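**Q** For reference, the structure I am asking about is given below.
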Amino acid sequence: MRPEPAYPLLAGPLRRRAGVLLGCCAVIVVVLGLLFAHQTGIDGLDRAVDSRVIRSLGGHRSLLLWLASPAELGPAGLTSLIMVAICLMTGRLKGAILAATAIPVASALCDSVIKPLVHRSIDQDFPSGHVASVLALAAMLTVLLVLPPQPLIERRARLLVPVAAGVIACGVAIAVIGLRWHFFTDTIGGAALGAGTVCALVLMLDLRPVSRWLEAPTRWLLARRSASVGAGRRSATGFGEGAV
C-alpha cells in the first residue's frame, strides 16, 4: 500500500487505546516513583522476586550479560537506524521520526528526569534504563511493523514481532535483576516508561497540526522515492534490451 503524505501511524481506534495505555503507564511510573522516592532499602515484593532470580541465575553472569545486551546502545541503536532507513525508503516520514526518537526520548526521561527526582537508593535505580530502552524499541517496532493502517510486514508474520519483542524484553528485565543492577519494581517502572514514551510520541505525531507540518516534506520524500523507482525500472529495461 502506497503511503499518503499525512498518513497516521495508528488507525483511529488504536489511537484511543494508545491514549489509555499512555495514561496507565503514567500512573504506574508516578505511583511507583512516589512509593520508592529516596528509598535506601528493599521492600518485600522486590526481596521475594529478586532473591529467586539471583538464586537461580546469579552464578551465570555471562548469560545474564548476553540477555541484557539487546538494550545496550549498539544493538538497540543499530535496530533503530535500520528502521529509520526502511521508513525513509518507503516514504514514511512519521515512522522515521518515531524510530529515531523512541529510545533517546525514553532514555532522556529516565536518566535526566525521573531518576534524579525519585533518587531511589545510592545508584538512582528507579526506573530501569535498560528495560525502558528495550520496551521503547519493542513498542516502536510493533507500531511500525505490525499495527494498521500501514504495517510493513505480511499479515502471517505480524504476530512474531510482538512475541519476540516481549520475550527479549523479559530477558532484559531478568538480566538486570540477576546482575543486581535493579530491583524488580525498577523494571516495572522502566517497562511503563518505555511503552508510555512511544504511545506519547505516536499520539503527538498523529496530531493534525503535526501531520499538516510534515505533509510537505513527506510529499517530497514520496516524489524522490517514485523517481528512484522509475529510474531503476528504466535502467533494468534498458539493460534487458541491450542484452537481447
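Ligands are numbered from 1 in the order shown, chains are lettered A, B, ... in the order of the C-alpha cells, and residues start at 1 in each chain.
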Need to verify the contact set: Ser80 in chain A, 8 Å, only C-alpha atoms, exclusion of same-chain residues closer than 4 positions in sequence. Can you return it as JSON, numbers by chain?

**A** {"A": [76, 84, 99, 100, 137]}

**Q** Excluding same-chain residues fewer than 6 positions from range 163-180 of chain A, what lies within 8 Å of it counting only C-alpha atoms, as a short mmCIF file (atom, residue, chain, number, x, y, z; two decimals) with C-alpha atoms, in the first residue's frame?

**A**
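Contents of part-v3.cif, as written:
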data_model
loop_
_atom_site.label_atom_id
_atom_site.label_comp_id
_atom_site.auth_asym_id
_atom_site.auth_seq_id
_atom_site.Cartn_x
_atom_site.Cartn_y
_atom_site.Cartn_z
CA ASP A 50 14.86 -10.65 43.27
CA VAL A 53 16.14 -14.66 40.21
CA ILE A 54 19.53 -14.15 41.85
CA LEU A 57 20.78 -17.20 37.67
CA GLY A 58 23.16 -15.17 39.79
CA ARG A 61 26.97 -13.74 34.72
CA LEU A 64 22.84 -12.51 32.11
CA LEU A 65 25.05 -10.05 30.24
CA LEU A 67 20.33 -11.36 27.93
CA ALA A 68 20.82 -7.68 28.78
CA SER A 69 22.72 -6.89 25.56
CA PRO A 70 19.67 -6.06 23.33
CA ALA A 71 19.11 -2.95 25.46
CA HIS A 130 17.75 -0.93 30.17
CA VAL A 131 14.12 -2.01 30.39
CA VAL A 134 14.10 -2.23 25.21
CA LEU A 135 10.37 -1.58 25.75
CA ALA A 138 9.71 -3.16 21.16
CA THR A 187 11.92 -3.00 35.79
#

**Q** Which residues come within 12 Å of Gly19 in chain A, counting only C-alpha atoms, excluding same-chain residues fewer than 6 positions away, as a PDB file with N, CA and C atoms, in the first residue's frame?

**A**
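Everything below was put into selection.pdb:
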ATOM      1  N   LEU A  10      -1.157   5.298  13.601  1.00  0.00           N
ATOM      2  CA  LEU A  10      -2.134   4.348  14.132  1.00  0.00           C
ATOM      3  C   LEU A  10      -3.510   4.687  13.607  1.00  0.00           C
ATOM      4  N   GLY A  12      -7.625   5.051  13.872  1.00  0.00           N
ATOM      5  CA  GLY A  12      -8.400   5.749  14.891  1.00  0.00           C
ATOM      6  C   GLY A  12      -8.651   4.979  16.174  1.00  0.00           C
ATOM      7  N   PRO A  13      -9.220   3.754  16.111  1.00  0.00           N
ATOM      8  CA  PRO A  13      -9.470   3.000  17.350  1.00  0.00           C
ATOM      9  C   PRO A  13      -8.203   2.694  18.128  1.00  0.00           C
ATOM     10  N   CYS A  25       0.408   3.810  31.887  1.00  0.00           N
ATOM     11  CA  CYS A  25       1.858   3.831  32.078  1.00  0.00           C
ATOM     12  C   CYS A  25       2.276   5.016  32.952  1.00  0.00           C
ATOM     13  N   ALA A  26       1.651   6.169  32.723  1.00  0.00           N
ATOM     14  CA  ALA A  26       1.976   7.344  33.525  1.00  0.00           C
ATOM     15  C   ALA A  26       1.625   7.115  34.994  1.00  0.00           C
ATOM     16  N   ALA A 195       7.113   1.964  27.145  1.00  0.00           N
ATOM     17  CA  ALA A 195       5.874   1.841  26.376  1.00  0.00           C
ATOM     18  C   ALA A 195       5.122   3.164  26.328  1.00  0.00           C
ATOM     19  N   GLY A 196       5.064   3.857  27.461  1.00  0.00           N
ATOM     20  CA  GLY A 196       4.354   5.132  27.501  1.00  0.00           C
ATOM     21  C   GLY A 196       4.997   6.192  26.622  1.00  0.00           C
ATOM     22  N   THR A 197       6.330   6.183  26.549  1.00  0.00           N
ATOM     23  CA  THR A 197       7.029   7.149  25.704  1.00  0.00           C
ATOM     24  C   THR A 197       6.636   6.980  24.248  1.00  0.00           C
ATOM     25  N   VAL A 198       6.594   5.738  23.770  1.00  0.00           N
ATOM     26  CA  VAL A 198       6.218   5.501  22.370  1.00  0.00           C
ATOM     27  C   VAL A 198       4.768   5.884  22.127  1.00  0.00           C
ATOM     28  N   CYS A 199       3.887   5.569  23.060  1.00  0.00           N
ATOM     29  CA  CYS A 199       2.484   5.984  22.911  1.00  0.00           C
ATOM     30  C   CYS A 199       2.376   7.502  22.796  1.00  0.00           C
ATOM     31  N   ALA A 200       3.113   8.216  23.645  1.00  0.00           N
ATOM     32  CA  ALA A 200       3.056   9.671  23.611  1.00  0.00           C
ATOM     33  C   ALA A 200       3.594  10.218  22.288  1.00  0.00           C
ATOM     34  N   LEU A 201       4.700   9.646  21.795  1.00  0.00           N
ATOM     35  CA  LEU A 201       5.279  10.111  20.530  1.00  0.00           C
ATOM     36  C   LEU A 201       4.330   9.854  19.364  1.00  0.00           C
ATOM     37  N   VAL A 202       3.702   8.672  19.357  1.00  0.00           N
ATOM     38  CA  VAL A 202       2.767   8.346  18.279  1.00  0.00           C
ATOM     39  C   VAL A 202       1.590   9.304  18.286  1.00  0.00           C
ATOM     40  N   LEU A 203       1.024   9.547  19.445  1.00  0.00           N
ATOM     41  CA  LEU A 203      -0.128  10.445  19.528  1.00  0.00           C
ATOM     42  C   LEU A 203       0.245  11.875  19.127  1.00  0.00           C
ATOM     43  N   MET A 204       1.446  12.308  19.478  1.00  0.00           N
ATOM     44  CA  MET A 204       1.895  13.645  19.078  1.00  0.00           C
ATOM     45  C   MET A 204       2.087  13.728  17.574  1.00  0.00           C
ATOM     46  N   ASP A 206       0.618  12.047  15.323  1.00  0.00           N
ATOM     47  CA  ASP A 206      -0.659  11.920  14.621  1.00  0.00           C
ATOM     48  C   ASP A 206      -1.589  13.108  14.840  1.00  0.00           C
TER      49      ASP A 206
END

**Q** May I ask which of the residues A:Ala102, A:Leu193, A:Ala108, A:Ala18 is the closest one to Ser128 in chain A, counting only C-alpha atoms?

**A**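 Closest candidate: A:Leu193.
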
**Q** Please identify which residues in range 25-209 of chain A DSSP calls alpha helix (DSSP H) from the backbone, and express them as a count of residues only.

**A** 131

**Q** Can you tell me which residues surround Glu215 in chain A at a distance of at most 12 Å, considering only C-alpha atoms, apart from same-chain residues fewer than 2 positions away, and format the answer as a VMD selection string?

**A** chain A and resid 3 to 8 91 to 94 205 to 206 208 to 213 217 to 222

**Q** What would the file look like if the residues just selected were written as a short mmCIF file (atom, residue, chain, number, x, y, z; two decimals), in the first residue's frame with N, CA and C atoms?

**A**
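What follows is the written file part10.cif:
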data_model
loop_
_atom_site.label_atom_id
_atom_site.label_comp_id
_atom_site.auth_asym_id
_atom_site.auth_seq_id
_atom_site.Cartn_x
_atom_site.Cartn_y
_atom_site.Cartn_z
N PRO A 3 1.97 4.84 0.89
CA PRO A 3 1.64 5.75 1.98
C PRO A 3 1.20 7.10 1.48
N GLU A 4 0.24 7.72 2.17
CA GLU A 4 -0.20 9.06 1.86
C GLU A 4 0.66 10.06 2.62
N PRO A 5 0.74 11.33 2.14
CA PRO A 5 1.60 12.31 2.79
C PRO A 5 1.29 12.52 4.26
N ALA A 6 0.03 12.47 4.67
CA ALA A 6 -0.32 12.73 6.06
C ALA A 6 -0.87 11.47 6.73
N TYR A 7 -0.37 10.31 6.32
CA TYR A 7 -0.91 9.07 6.87
C TYR A 7 -0.69 9.01 8.38
N PRO A 8 -1.63 8.43 9.14
CA PRO A 8 -1.43 8.29 10.58
C PRO A 8 -0.57 7.06 10.91
N GLY A 91 8.97 5.96 2.17
CA GLY A 91 8.21 7.20 2.20
C GLY A 91 7.44 7.44 3.46
N ARG A 92 7.85 6.86 4.58
CA ARG A 92 7.12 7.02 5.84
C ARG A 92 7.92 7.93 6.78
N LEU A 93 7.72 9.23 6.62
CA LEU A 93 8.49 10.19 7.40
C LEU A 93 8.14 10.12 8.88
N LYS A 94 6.86 9.99 9.20
CA LYS A 94 6.47 9.87 10.61
C LYS A 94 7.12 8.64 11.25
N LEU A 205 2.72 12.71 16.98
CA LEU A 205 2.96 12.73 15.54
C LEU A 205 1.67 12.63 14.74
N ASP A 206 0.62 12.05 15.32
CA ASP A 206 -0.66 11.92 14.62
C ASP A 206 -1.59 13.11 14.84
N ARG A 208 -3.24 16.62 14.17
CA ARG A 208 -3.48 17.26 12.87
C ARG A 208 -2.47 18.37 12.56
N PRO A 209 -2.13 19.25 13.51
CA PRO A 209 -1.14 20.28 13.17
C PRO A 209 0.22 19.68 12.78
N VAL A 210 0.63 18.64 13.49
CA VAL A 210 1.91 18.00 13.17
C VAL A 210 1.83 17.32 11.80
N SER A 211 0.71 16.64 11.52
CA SER A 211 0.53 15.99 10.22
C SER A 211 0.59 17.00 9.09
N ARG A 212 -0.04 18.17 9.29
CA ARG A 212 0.00 19.21 8.25
C ARG A 212 1.41 19.74 8.06
N TRP A 213 2.14 19.89 9.15
CA TRP A 213 3.50 20.40 9.08
C TRP A 213 4.43 19.42 8.36
N PRO A 217 7.25 17.88 3.52
CA PRO A 217 8.44 17.04 3.40
C PRO A 217 8.13 15.59 3.05
N THR A 218 6.97 15.10 3.48
CA THR A 218 6.61 13.73 3.13
C THR A 218 6.31 13.62 1.63
N ARG A 219 5.65 14.63 1.06
CA ARG A 219 5.41 14.63 -0.39
C ARG A 219 6.73 14.63 -1.16
N TRP A 220 7.68 15.42 -0.68
CA TRP A 220 9.00 15.44 -1.33
C TRP A 220 9.66 14.08 -1.24
N LEU A 221 9.56 13.44 -0.06
CA LEU A 221 10.17 12.12 0.12
C LEU A 221 9.51 11.09 -0.80
N LEU A 222 8.20 11.14 -0.91
CA LEU A 222 7.49 10.22 -1.80
C LEU A 222 7.85 10.46 -3.26
#

**Q** Go through A:Pro75, A:Leu21, A:Gln150, A:Val30 one by one, measure the shortest atom-to-atom distance of each to Thr90 in chain A using only C-alpha atoms, and give the residue with the smallest value.

**A** A:Gln150

**Q** Give me, please, the distance in Å between CA of Val118 in chain A and CA of His38 in chain A, quoted to one decimal.

**A**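 Between CA of Val118 in chain A and CA of His38 in chain A the gap is 6.1 Å.
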
**Q** Just the number, please: distance in Å from CA of Ala37 in chain A to CA of Thr185 in chain A, one decimal.

**A**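 Rounded to one decimal, the two atoms are 12.4 Å apart.
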
**Q** Name the closest residue to Gly44 in chain A among the candidates A:Phe184, A:Val29, A:Ile97, A:Arg155; distances are taken between atoms, counting only C-alpha atoms.

**A**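 Ranked by minimum distance to Gly44 in chain A, first place goes to A:Phe184.
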
**Q** When distances are computed from only C-alpha atoms, which of A:Gly129, A:Pro148, A:Ala223, A:Arg120 shows the smallest separation from Asp43 in chain A?

**A**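 For Asp43 in chain A, the nearest of the given residues is A:Arg120.
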
**Q** Would you please work out which residue, of A:Val20, A:Met83, A:Cys110, A:Leu78, is nearest to Val143 in chain A when using only C-alpha atoms?

**A**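 Between A:Val20, A:Met83, A:Cys110, A:Leu78, the residue approaching Val143 in chain A most closely is A:Met83.
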
**Q** Using Å and a single decimal, report how far CA of Pro162 in chain A sits from CA of Leu63 in chain A.

**A** 22.9 Å
